[in-house]
>>> print(open('target25.txt').read())   # compact mmCIF, C-alpha atoms and all ligand atoms
# COMPACT_ATOMS: atom_id res chain seq x y z
CA MET G 1 -25.62 -125.07 81.22
CA VAL G 2 -24.01 -122.40 79.10
CA SER G 3 -20.75 -122.39 77.25
CA ARG G 4 -18.29 -119.78 76.26
CA CYS G 5 -17.62 -119.92 72.56
CA PRO G 6 -14.07 -118.80 71.85
CA ASP G 7 -14.21 -120.10 68.32
CA TYR G 8 -17.81 -118.97 67.79
CA GLN G 9 -19.04 -122.51 67.23
CA PHE G 10 -22.81 -122.57 67.03
CA MET G 11 -25.24 -125.12 68.24
CA SER G 12 -26.85 -127.41 65.69
CA ASN G 13 -30.05 -125.37 65.32
CA GLN G 14 -28.15 -122.47 63.85
CA LYS G 15 -27.55 -122.27 60.11
CA SER G 16 -24.30 -123.45 58.64
CA ASN G 17 -21.57 -120.83 58.42
CA THR G 18 -20.85 -121.91 54.88
CA GLN G 19 -24.07 -120.28 53.68
CA GLN G 20 -23.60 -117.00 51.88
CA HIS G 21 -23.26 -114.28 54.48
CA LYS G 22 -25.69 -111.38 54.50
CA PRO G 23 -24.92 -108.45 56.76
CA ALA G 24 -26.38 -108.89 60.23
CA ARG G 25 -29.68 -107.13 60.73
CA ILE G 26 -29.64 -104.95 63.82
CA LEU G 27 -32.81 -104.43 65.83
CA ALA G 28 -32.84 -102.00 68.73
CA ILE G 29 -35.68 -102.70 71.19
CA ALA G 30 -36.45 -99.31 72.71
CA SER G 31 -39.29 -97.54 74.48
CA GLY G 32 -39.08 -94.22 76.21
CA LYS G 33 -40.85 -95.26 79.40
CA GLY G 34 -39.28 -98.00 81.51
CA GLY G 35 -40.94 -101.26 82.46
CA VAL G 36 -42.96 -101.71 79.27
CA GLY G 37 -41.38 -105.08 78.43
CA LYS G 38 -38.25 -104.32 76.34
CA SER G 39 -36.07 -106.95 78.01
CA CYS G 40 -38.86 -109.59 77.84
CA ILE G 41 -39.32 -108.86 74.15
CA ALA G 42 -35.59 -108.71 73.33
CA THR G 43 -34.87 -112.06 75.04
CA ASN G 44 -37.93 -113.74 73.53
CA LEU G 45 -37.49 -112.40 70.01
CA SER G 46 -33.82 -113.35 69.89
CA THR G 47 -34.57 -116.84 71.26
CA ALA G 48 -37.48 -117.26 68.82
CA LEU G 49 -35.23 -116.23 65.92
CA VAL G 50 -32.77 -118.98 66.89
CA SER G 51 -35.54 -121.54 67.23
CA LYS G 52 -36.62 -120.65 63.67
CA GLY G 53 -33.14 -121.48 62.44
CA HIS G 54 -31.65 -118.00 62.33
CA ARG G 55 -28.33 -117.17 63.88
CA ALA G 56 -28.95 -114.50 66.48
CA ALA G 57 -27.12 -112.59 69.17
CA LEU G 58 -28.49 -110.49 72.00
CA LEU G 59 -26.60 -107.42 73.17
CA ASP G 60 -27.59 -106.23 76.60
CA ALA G 61 -27.08 -102.48 76.24
CA ASP G 62 -28.75 -101.60 79.50
CA THR G 63 -25.59 -100.67 81.33
CA GLY G 64 -27.50 -99.75 84.44
CA LEU G 65 -29.75 -102.72 85.11
CA SER G 66 -28.93 -105.84 83.13
CA ASN G 67 -32.26 -107.64 83.21
CA ALA G 68 -31.73 -109.67 80.05
CA ASP G 69 -29.01 -111.79 81.68
CA ILE G 70 -31.22 -112.57 84.66
CA MET G 71 -34.21 -113.35 82.46
CA LEU G 72 -32.10 -115.90 80.58
CA GLY G 73 -30.74 -117.37 83.81
CA LEU G 74 -27.19 -116.26 83.02
CA LYS G 75 -24.59 -114.90 85.42
CA PRO G 76 -21.90 -113.41 83.21
CA GLU G 77 -18.69 -112.73 85.07
CA LEU G 78 -17.18 -110.78 82.21
CA ASN G 79 -18.60 -108.13 79.92
CA LEU G 80 -17.48 -105.58 77.34
CA SER G 81 -15.87 -103.44 80.02
CA HIS G 82 -13.38 -106.29 80.64
CA VAL G 83 -12.59 -106.37 76.91
CA VAL G 84 -11.98 -102.65 76.98
CA SER G 85 -9.68 -102.92 79.98
CA GLY G 86 -7.70 -105.62 78.18
CA GLN G 87 -8.54 -108.41 80.61
CA CYS G 88 -10.04 -110.64 77.92
CA THR G 89 -11.15 -110.78 74.30
CA ILE G 90 -14.68 -110.60 72.90
CA ALA G 91 -14.52 -114.36 72.44
CA ASP G 92 -14.20 -114.77 76.20
CA ILE G 93 -17.34 -112.82 77.02
CA VAL G 94 -19.80 -114.15 74.43
CA ILE G 95 -22.05 -116.76 75.99
CA ASN G 96 -23.70 -119.45 73.92
CA ASN G 97 -26.77 -120.29 75.98
CA ASP G 98 -28.69 -123.57 76.01
CA ASP G 99 -30.92 -122.43 73.17
CA GLY G 100 -28.01 -121.54 70.90
CA LEU G 101 -28.42 -117.80 71.39
CA LEU G 102 -25.24 -115.76 71.60
CA VAL G 103 -25.39 -113.29 74.46
CA ILE G 104 -22.99 -110.35 74.61
CA PRO G 105 -23.06 -108.97 78.15
CA ALA G 106 -22.36 -105.26 77.89
CA ALA G 107 -23.74 -104.45 81.29
CA SER G 108 -22.24 -102.63 84.21
CA GLY G 109 -19.17 -100.51 84.11
CA LEU G 110 -18.99 -100.05 80.35
CA PRO G 111 -17.78 -96.52 79.83
CA ASN G 112 -19.23 -94.33 77.16
CA MET G 113 -17.66 -95.51 73.89
CA VAL G 114 -16.09 -92.11 73.36
CA GLU G 115 -14.04 -92.42 76.53
CA LEU G 116 -12.18 -95.33 74.97
CA ASN G 117 -8.92 -94.65 73.24
CA ILE G 118 -8.53 -95.45 69.57
CA HIS G 119 -6.90 -98.87 70.24
CA GLU G 120 -9.69 -99.88 72.60
CA GLN G 121 -12.31 -98.78 70.07
CA ALA G 122 -10.53 -100.69 67.31
CA GLY G 123 -10.35 -103.78 69.55
CA ILE G 124 -14.12 -103.75 70.08
CA ILE G 125 -14.85 -103.16 66.40
CA ARG G 126 -12.51 -106.00 65.39
CA GLY G 127 -13.98 -108.32 68.00
CA LEU G 128 -17.58 -107.61 67.07
CA SER G 129 -16.89 -107.83 63.36
CA VAL G 130 -15.90 -111.47 63.94
CA ILE G 131 -19.39 -112.09 65.31
CA ASP G 132 -20.88 -110.14 62.40
CA ASN G 133 -19.91 -112.95 60.06
CA GLN G 134 -21.66 -115.41 62.32
CA VAL G 135 -25.09 -113.93 62.95
CA ASP G 136 -28.13 -112.98 60.89
CA PHE G 137 -29.65 -110.82 63.62
CA LEU G 138 -28.36 -108.76 66.50
CA VAL G 139 -31.11 -107.81 68.95
CA ILE G 140 -30.26 -104.97 71.34
CA ASP G 141 -32.03 -104.65 74.68
CA MET G 142 -31.98 -100.89 75.20
CA PRO G 143 -32.19 -98.91 78.39
CA ALA G 144 -35.31 -96.80 78.99
CA GLY G 145 -35.28 -93.06 78.49
CA ILE G 146 -33.79 -90.60 76.06
CA SER G 147 -30.22 -90.32 77.30
CA THR G 148 -27.59 -89.51 74.69
CA SER G 149 -26.18 -93.03 74.69
CA THR G 150 -29.65 -94.57 74.25
CA ILE G 151 -30.41 -92.23 71.37
CA ASN G 152 -27.04 -93.03 69.78
CA PHE G 153 -27.65 -96.77 70.01
CA ALA G 154 -31.00 -96.27 68.29
CA ARG G 155 -29.49 -94.08 65.55
CA ALA G 156 -26.78 -96.63 64.87
CA ALA G 157 -29.19 -99.57 64.62
CA GLN G 158 -30.86 -100.51 61.36
CA GLU G 159 -34.35 -101.17 62.69
CA ILE G 160 -35.86 -99.45 65.71
CA VAL G 161 -38.63 -101.29 67.51
CA VAL G 162 -40.53 -99.05 69.95
CA VAL G 163 -42.42 -100.95 72.65
CA VAL G 164 -45.55 -99.28 74.02
CA CYS G 165 -48.23 -100.35 76.45
CA ASP G 166 -51.64 -98.91 77.15
CA GLU G 167 -50.69 -96.25 79.67
CA PRO G 168 -50.65 -92.49 79.10
CA ALA G 169 -47.01 -92.24 80.26
CA SER G 170 -45.94 -94.99 77.85
CA LEU G 171 -47.58 -93.24 74.88
CA ALA G 172 -46.20 -89.85 75.91
CA ASP G 173 -42.66 -91.18 76.33
CA ALA G 174 -42.77 -93.16 73.05
CA LYS G 175 -43.90 -89.96 71.33
CA ALA G 176 -41.03 -87.99 72.93
CA PHE G 177 -38.48 -90.66 71.92
CA ILE G 178 -39.67 -90.78 68.29
CA GLN G 179 -39.98 -87.01 68.05
CA LEU G 180 -36.44 -86.47 69.31
CA LEU G 181 -34.99 -88.94 66.81
CA ALA G 182 -36.99 -87.43 63.94
CA GLU G 183 -36.43 -83.76 64.71
CA GLN G 184 -32.82 -83.86 65.80
CA TYR G 185 -31.39 -86.85 63.95
CA LYS G 186 -33.61 -87.33 60.88
CA VAL G 187 -34.54 -90.89 61.83
CA PHE G 188 -38.07 -91.38 60.53
CA ASN G 189 -38.94 -95.10 60.43
CA PHE G 190 -40.10 -96.98 63.50
CA HIS G 191 -41.68 -100.38 64.13
CA ILE G 192 -44.29 -100.23 66.88
CA LEU G 193 -44.82 -103.21 69.17
CA CYS G 194 -47.81 -103.01 71.52
CA ASN G 195 -47.18 -105.03 74.68
CA MET G 196 -49.36 -106.28 77.53
CA VAL G 197 -52.54 -105.61 75.54
CA SER G 198 -55.86 -107.17 76.55
CA SER G 199 -56.72 -108.15 72.95
CA LEU G 200 -55.27 -107.81 69.48
CA GLU G 201 -57.94 -105.19 68.72
CA ASP G 202 -56.75 -103.18 71.71
CA GLY G 203 -53.21 -103.47 70.35
CA MET G 204 -54.32 -102.02 67.01
CA THR G 205 -56.20 -99.21 68.80
CA LEU G 206 -53.07 -98.39 70.81
CA TYR G 207 -50.97 -98.30 67.63
CA LYS G 208 -53.49 -95.96 65.99
CA ARG G 209 -53.43 -93.67 69.05
CA LEU G 210 -49.65 -93.38 68.76
CA CYS G 211 -49.99 -92.61 65.00
CA GLU G 212 -52.48 -89.91 65.92
CA VAL G 213 -50.29 -88.21 68.52
CA LEU G 214 -47.44 -88.16 65.99
CA SER G 215 -49.57 -87.06 63.03
CA HIS G 216 -47.98 -83.57 63.17
CA GLN G 217 -44.66 -85.23 62.15
CA PRO G 218 -45.29 -85.78 58.42
CA ASN G 219 -41.95 -87.50 57.79
CA VAL G 220 -42.35 -90.09 60.53
CA THR G 221 -43.48 -93.54 59.37
CA LEU G 222 -44.78 -95.95 61.99
CA THR G 223 -45.50 -99.57 61.13
CA HIS G 224 -47.34 -101.95 63.41
CA LEU G 225 -44.95 -104.84 64.08
CA GLY G 226 -47.49 -106.65 66.21
CA SER G 227 -49.12 -106.90 69.61
CA ILE G 228 -48.34 -109.17 72.54
CA PRO G 229 -51.09 -109.87 75.07
CA TYR G 230 -50.68 -109.59 78.81
CA ASP G 231 -49.90 -113.23 79.52
CA ILE G 232 -49.56 -114.98 82.86
CA LYS G 233 -47.49 -117.68 81.08
CA LEU G 234 -44.88 -115.05 80.27
CA LYS G 235 -44.72 -114.13 83.97
CA GLN G 236 -44.36 -117.81 84.92
CA ALA G 237 -41.52 -118.14 82.41
CA ILE G 238 -39.75 -115.10 83.90
CA GLN G 239 -40.02 -116.60 87.37
CA ARG G 240 -38.24 -119.70 86.04
CA GLN G 241 -35.64 -117.55 84.24
CA LYS G 242 -36.82 -118.88 80.90
CA THR G 243 -38.21 -117.30 77.76
CA VAL G 244 -41.91 -117.94 77.20
CA VAL G 245 -41.24 -119.09 73.62
CA LYS G 246 -39.27 -122.02 75.11
CA PHE G 247 -41.28 -122.47 78.31
CA ASP G 248 -44.60 -122.69 76.46
CA PRO G 249 -44.45 -122.23 72.68
CA ASN G 250 -48.25 -122.47 72.55
CA ALA G 251 -48.88 -119.65 75.02
CA LEU G 252 -50.75 -116.69 73.55
CA SER G 253 -47.71 -114.43 73.93
CA SER G 254 -45.44 -117.04 72.26
CA LYS G 255 -47.78 -117.32 69.27
CA GLN G 256 -47.69 -113.56 68.80
CA LEU G 257 -43.90 -113.49 69.19
CA PHE G 258 -43.61 -116.14 66.44
CA ASN G 259 -45.98 -114.08 64.24
CA ILE G 260 -43.67 -111.12 64.75
CA ILE G 261 -40.72 -113.27 63.67
CA GLN G 262 -42.60 -114.04 60.43
CA THR G 263 -43.02 -110.31 59.82
CA ILE G 264 -39.33 -109.70 60.52
CA GLU G 265 -38.45 -112.50 58.09
CA SER G 266 -40.53 -110.77 55.42
CA TRP G 267 -38.56 -107.51 55.66
CA THR G 268 -36.56 -106.96 52.52
CA HIS G 269 -32.85 -107.30 53.03
CA HIS G 270 -30.94 -104.31 51.77
CA ASN G 271 -27.57 -105.69 50.95
CA THR G 272 -25.70 -102.65 52.14
CA PRO G 273 -23.02 -102.32 54.77
CA ARG G 274 -25.54 -100.38 56.86
CA GLY G 275 -26.63 -103.56 58.53
CA CYS G 276 -23.21 -104.78 59.54
CA LEU G 277 -22.28 -105.02 63.15
CA GLU G 278 -18.92 -103.49 62.41
CA PHE G 279 -20.56 -100.44 60.86
CA PHE G 280 -23.02 -100.31 63.72
CA ILE G 281 -20.23 -99.98 66.27
CA GLU G 282 -18.38 -97.50 64.08
CA ARG G 283 -21.50 -95.35 63.83
CA LEU G 284 -22.05 -95.63 67.56
CA ILE G 285 -18.55 -94.37 68.28
CA ARG G 286 -18.82 -91.64 65.64
CA PHE G 287 -22.15 -90.35 67.02
CA ASN G 288 -20.75 -90.34 70.54
CA CYS G 289 -17.66 -88.45 69.36
CA ILE G 290 -19.78 -85.83 67.58
CA GLU G 291 -21.95 -85.45 70.67
CA THR G 292 -18.96 -84.99 73.00
CA HIS G 293 -17.30 -82.55 70.58
CA HIS G 294 -20.56 -80.58 70.46
CA LYS G 295 -20.83 -80.53 74.28
CA LYS G 296 -17.20 -79.37 74.65
CA ASN G 297 -17.82 -76.54 72.19
CA THR G 298 -21.04 -75.51 73.93
CA ASN G 299 -19.34 -75.51 77.35
CA ALA G 300 -16.41 -73.50 76.01
CA LYS G 301 -18.72 -70.69 74.84
N1 LIG G 401 -46.68 -109.52 77.70
C1 LIG G 401 -46.53 -109.52 79.02
N2 LIG G 401 -47.40 -110.20 79.82
C2 LIG G 401 -47.27 -110.18 81.18
N3 LIG G 401 -46.30 -109.51 81.83
C3 LIG G 401 -45.40 -108.84 81.09
C4 LIG G 401 -45.46 -108.81 79.66
N4 LIG G 401 -44.41 -108.05 79.21
C5 LIG G 401 -43.75 -107.64 80.29
N5 LIG G 401 -44.34 -108.10 81.43
C6 LIG G 401 -43.94 -107.83 82.84
O1 LIG G 401 -43.36 -106.55 82.90
C7 LIG G 401 -42.14 -106.60 83.63
C8 LIG G 401 -41.17 -105.60 83.07
O2 LIG G 401 -40.67 -106.08 81.82
P1 LIG G 401 -39.22 -105.73 81.30
O3 LIG G 401 -38.22 -105.85 82.39
O4 LIG G 401 -39.00 -106.51 80.07
O5 LIG G 401 -39.42 -104.19 80.96
P2 LIG G 401 -38.33 -103.19 80.41
O6 LIG G 401 -39.01 -102.28 79.47
O7 LIG G 401 -37.14 -103.92 79.92
O8 LIG G 401 -37.94 -102.41 81.75
P3 LIG G 401 -36.69 -101.42 81.96
O9 LIG G 401 -37.04 -100.15 81.24
O10 LIG G 401 -36.64 -101.23 83.45
O11 LIG G 401 -35.48 -102.08 81.39
C9 LIG G 401 -41.67 -108.04 83.50
O12 LIG G 401 -40.95 -108.43 84.62
C10 LIG G 401 -42.94 -108.81 83.40
O13 LIG G 401 -43.38 -109.18 84.69
MG MG G 402 -35.07 -103.84 80.50
>>> encode(input="target25.txt", output="structure tokens", more="lines below")
Ligand SMILES: Nc1ncnc2c1ncn2[C@@H]1O[C@H](COP(=O)(O)OP(=O)(O)OP(=O)(O)O)[C@@H](O)[C@H]1O
Ligand SMILES: [Mg+2]
Amino acid sequence: MVSRCPDYQFMSNQKSNTQQHKPARILAIASGKGGVGKSCIATNLSTALVSKGHRAALLDADTGLSNADIMLGLKPELNLSHVVSGQCTIADIVINNDDGLLVIPAASGLPNMVELNIHEQAGIIRGLSVIDNQVDFLVIDMPAGISTSTINFARAAQEIVVVVCDEPASLADAKAFIQLLAEQYKVFNFHILCNMVSSLEDGMTLYKRLCEVLSHQPNVTLTHLGSIPYDIKLKQAIQRQKTVVKFDPNALSSKQLFNIIQTIESWTHHNTPRGCLEFFIERLIRFNCIETHHKKNTNAK
């Protein structure tokens, strides 16, 4: 059972809205290589944040394949593209799932933000800024690869979590993703999450290997956010369209996910507008505009 939440009413396990509002913290869950577990991690981390009493929303930014919805057992009929086309408001598309997580389905048919006219852009910014007052965390499930829109999402987010697993292609693609952001966009700080590891030691070894392959980038700072083991319980949860943190909170993967939440809770909160959802969307549109302007100029030459 899910409910639409036109007035953004939260379920009882979310903190009271009367508490002093801090800007929402925005975490982009990215990788480089596909299939490393971004959607699993995004759905589980956002659900675990809610179960720890935080107010969280999940934005499915994978406009190609919207796995997050399926993993949560949701079938959204409307998404951001319907807001853009004027068929509904943001309030109509946000889903409050059974666990009290707000899900913003952005999947399928959402045009590049820059293709929207100024009124459409303003409508999305206004709509999302309403949610900004209501959440502590926005977790973004990113598409794989290094397309312009993926890179722009990452640049606009406050914290970038790069998921890697122990495969040469995963390491190589994570390196390429980080290198591109550092060299072209001066983004230097990344949280590394090692997924599907056979032990926590192996997770640490994998993290060190990534540090090594990026050691020629002196400005880049990688921090080890944690490691999640390969866990059959997580697979069973997926088959039931549930998150493992709800399906079996004592599973090995769940325990690690909750440890990661503790680390996230310990991050210092910079009380700057940089974390706000509204600013996030503004940055996203600005970066896309700059990119398109640049392309037009290059093509004209
Ligand atoms: N810790 C884990 N233990 C066991 N299986 C896992 C784990 N993490 C991910 N998987 C498996 O890997 C599959 C792919 O995960 P997921 O869809 O989250 O990857 P993704 O990075 O989002 O992929 P894409 O790039 O295509 O969006 C899942 O369906 C699941 O079966
Ligand atoms: Mg995915």
>>> residues_around(input="target25.txt", residues="G:Ala42", least_positions_apart="3", cutoff="7 Å", atoms="all atoms listed in the file", output="ChimeraX atom specification")
/G:29,38-39,45-46,139-141
>>> closest_residue(input="target25.txt", among="G:Ile264, G:Ala169, G:Ile104, G:Ala91", to="G:Asn79", atoms="all atoms listed in the file")
G:Ile104
>>> closest_residue(input="target25.txt", among="G:Lys33, G:Arg25, G:Lys186, G:Lys246", to="ligand MG 402 (chain G)", atoms="all atoms listed in the file")
G:Lys33
>>> residues_near_ligand(input="target25.txt", ligand="ligand LIG 401 (chain G)", cutoff="9 Å", atoms="only C-alpha atoms and all ligand atoms", output="JSON, numbers by chain")
{"G": [29, 30, 31, 32, 33, 34, 35, 36, 37, 38, 39, 40, 41, 42, 43, 62, 64, 65, 66, 67, 68, 71, 141, 142, 143, 144, 145, 163, 195, 196, 197, 227, 228, 229, 230, 231, 232, 233, 234, 235, 236, 238, 239, 253]}
>>> atom_distance(input="target25.txt", atom1="atom CA of G:Gln87", atom2="atom CA of G:Ser147")
28.4 Å
>>> atom_distance(input="target25.txt", atom1="atom CA of G:Val244", atom2="atom CA of G:Ser51")
12.4 Å
>>> closest_residue(input="target25.txt", among="G:Lys242, G:Ala48, G:Ser81, G:Ala174", to="G:Gln256", atoms="all atoms listed in the file")
G:Ala48
>>> atom_distance(input="target25.txt", atom1="atom CA of G:Asn259", atom2="atom CA of G:Gln158")
20.5 Å
>>> residues_around(input="target25.txt", residues="G:Phe190", least_positions_apart="3", cutoff="7 Å", atoms="all atoms listed in the file", output="mmCIF file with C-alpha atoms, in the coordinates of the input")
data_model
loop_
_atom_site.group_PDB
_atom_site.id
_atom_site.type_symbol
_atom_site.label_atom_id
_atom_site.label_comp_id
_atom_site.auth_asym_id
_atom_site.auth_seq_id
_atom_site.Cartn_x
_atom_site.Cartn_y
_atom_site.Cartn_z
ATOM 1 C CA ILE G 160 -35.860 -99.450 65.710
ATOM 2 C CA VAL G 161 -38.630 -101.290 67.510
ATOM 3 C CA VAL G 162 -40.530 -99.050 69.950
ATOM 4 C CA THR G 221 -43.480 -93.540 59.370
ATOM 5 C CA LEU G 222 -44.780 -95.950 61.990
ATOM 6 C CA THR G 223 -45.500 -99.570 61.130
#
>>> closest_residue(input="target25.txt", among="G:Ile131, G:Ala176, G:Ala61, G:Ile285", to="ligand MG 402 (chain G)", atoms="only C-alpha atoms and all ligand atoms")
G:Ala61
>>> axis_aligned_box(input="target25.txt", around="stretch 162-179 of chain G", padding_each_side="6 Å", output="lines of an AutoDock Vina configuration file")
center_x = -45.1
center_y = -94.0
center_z = 74.2
size_x = 25.2
size_y = 25.9
size_z = 24.2
>>> closest_residue(input="target25.txt", among="G:Val103, G:Leu49, G:Val164, G:Ala237", to="G:Thr205", atoms="all atoms listed in the file")
G:Val164
>>> residues_near_point(input="target25.txt", point="(-42.9, -82.2, 58.2)", cutoff="12 Å", atoms="only C-alpha atoms", output="list of chain:residue names")
G:Gln179, G:Ala182, G:Glu183, G:Lys186, G:Phe188, G:Leu214, G:Ser215, G:His216, G:Gln217, G:Pro218, G:Asn219, G:Val220, G:Thr221
>>> write_last_selection(input="target25.txt", atoms="C-alpha atoms", output="PDB file, in the coordinates of the input")
ATOM      1  CA  GLN G 179     -39.980 -87.010  68.050  1.00  0.00           C
ATOM      2  CA  ALA G 182     -36.990 -87.430  63.940  1.00  0.00           C
ATOM      3  CA  GLU G 183     -36.430 -83.760  64.710  1.00  0.00           C
ATOM      4  CA  LYS G 186     -33.610 -87.330  60.880  1.00  0.00           C
ATOM      5  CA  PHE G 188     -38.070 -91.380  60.530  1.00  0.00           C
ATOM      6  CA  LEU G 214     -47.440 -88.160  65.990  1.00  0.00           C
ATOM      7  CA  SER G 215     -49.570 -87.060  63.030  1.00  0.00           C
ATOM      8  CA  HIS G 216     -47.980 -83.570  63.170  1.00  0.00           C
ATOM      9  CA  GLN G 217     -44.660 -85.230  62.150  1.00  0.00           C
ATOM     10  CA  PRO G 218     -45.290 -85.780  58.420  1.00  0.00           C
ATOM     11  CA  ASN G 219     -41.950 -87.500  57.790  1.00  0.00           C
ATOM     12  CA  VAL G 220     -42.350 -90.090  60.530  1.00  0.00           C
ATOM     13  CA  THR G 221     -43.480 -93.540  59.370  1.00  0.00           C
TER      14      THR G 221
END
>>> residues_around(input="target25.txt", residues="G:Ile26", least_positions_apart="6", cutoff="7 Å", atoms="all atoms listed in the file", output="list in words")
Phe137, Leu138, Val139, Ala157, Gln158, Glu159 and Gly275 of chain G
>>> closest_residue(input="target25.txt", among="G:Ala154, G:Ala106, G:Cys165, G:Ile261", to="G:His54", atoms="all atoms listed in the file")
G:Ile261
>>> decode(input="target25.txt", residues="stretch 218-231 of chain G", atoms="N, CA and C atoms", output="short mmCIF file (atom, residue, chain, number, x, y, z; two decimals), in the first residue's frame")
data_model
loop_
_atom_site.label_atom_id
_atom_site.label_comp_id
_atom_site.auth_asym_id
_atom_site.auth_seq_id
_atom_site.Cartn_x
_atom_site.Cartn_y
_atom_site.Cartn_z
N PRO G 218 46.55 14.42 -7.39
CA PRO G 218 46.84 14.84 -6.02
C PRO G 218 45.69 15.57 -5.32
N ASN G 219 44.79 16.19 -6.10
CA ASN G 219 43.70 16.94 -5.46
C ASN G 219 42.53 16.06 -5.05
N VAL G 220 42.48 14.85 -5.61
CA VAL G 220 41.32 13.99 -5.35
C VAL G 220 41.41 13.38 -3.95
N THR G 221 40.32 13.50 -3.18
CA THR G 221 40.27 12.88 -1.86
C THR G 221 39.19 11.80 -1.87
N LEU G 222 39.61 10.57 -1.60
CA LEU G 222 38.64 9.47 -1.51
C LEU G 222 38.51 9.07 -0.06
N THR G 223 37.28 8.90 0.41
CA THR G 223 37.09 8.37 1.77
C THR G 223 36.29 7.08 1.67
N HIS G 224 36.64 6.15 2.53
CA HIS G 224 35.97 4.84 2.48
C HIS G 224 34.67 4.93 3.29
N LEU G 225 33.54 4.94 2.59
CA LEU G 225 32.26 5.05 3.30
C LEU G 225 31.87 3.72 3.94
N GLY G 226 32.33 2.63 3.35
CA GLY G 226 32.03 1.33 3.94
C GLY G 226 32.02 0.25 2.88
N SER G 227 31.78 -0.97 3.32
CA SER G 227 31.73 -2.10 2.39
C SER G 227 30.48 -2.92 2.69
N ILE G 228 29.88 -3.42 1.63
CA ILE G 228 28.68 -4.27 1.79
C ILE G 228 29.01 -5.64 1.21
N PRO G 229 28.82 -6.70 1.99
CA PRO G 229 29.18 -8.03 1.48
C PRO G 229 28.20 -8.51 0.41
N TYR G 230 28.66 -9.45 -0.40
CA TYR G 230 27.73 -10.14 -1.29
C TYR G 230 26.81 -10.93 -0.36
N ASP G 231 25.51 -10.72 -0.49
CA ASP G 231 24.60 -11.29 0.50
C ASP G 231 23.36 -11.88 -0.18
#
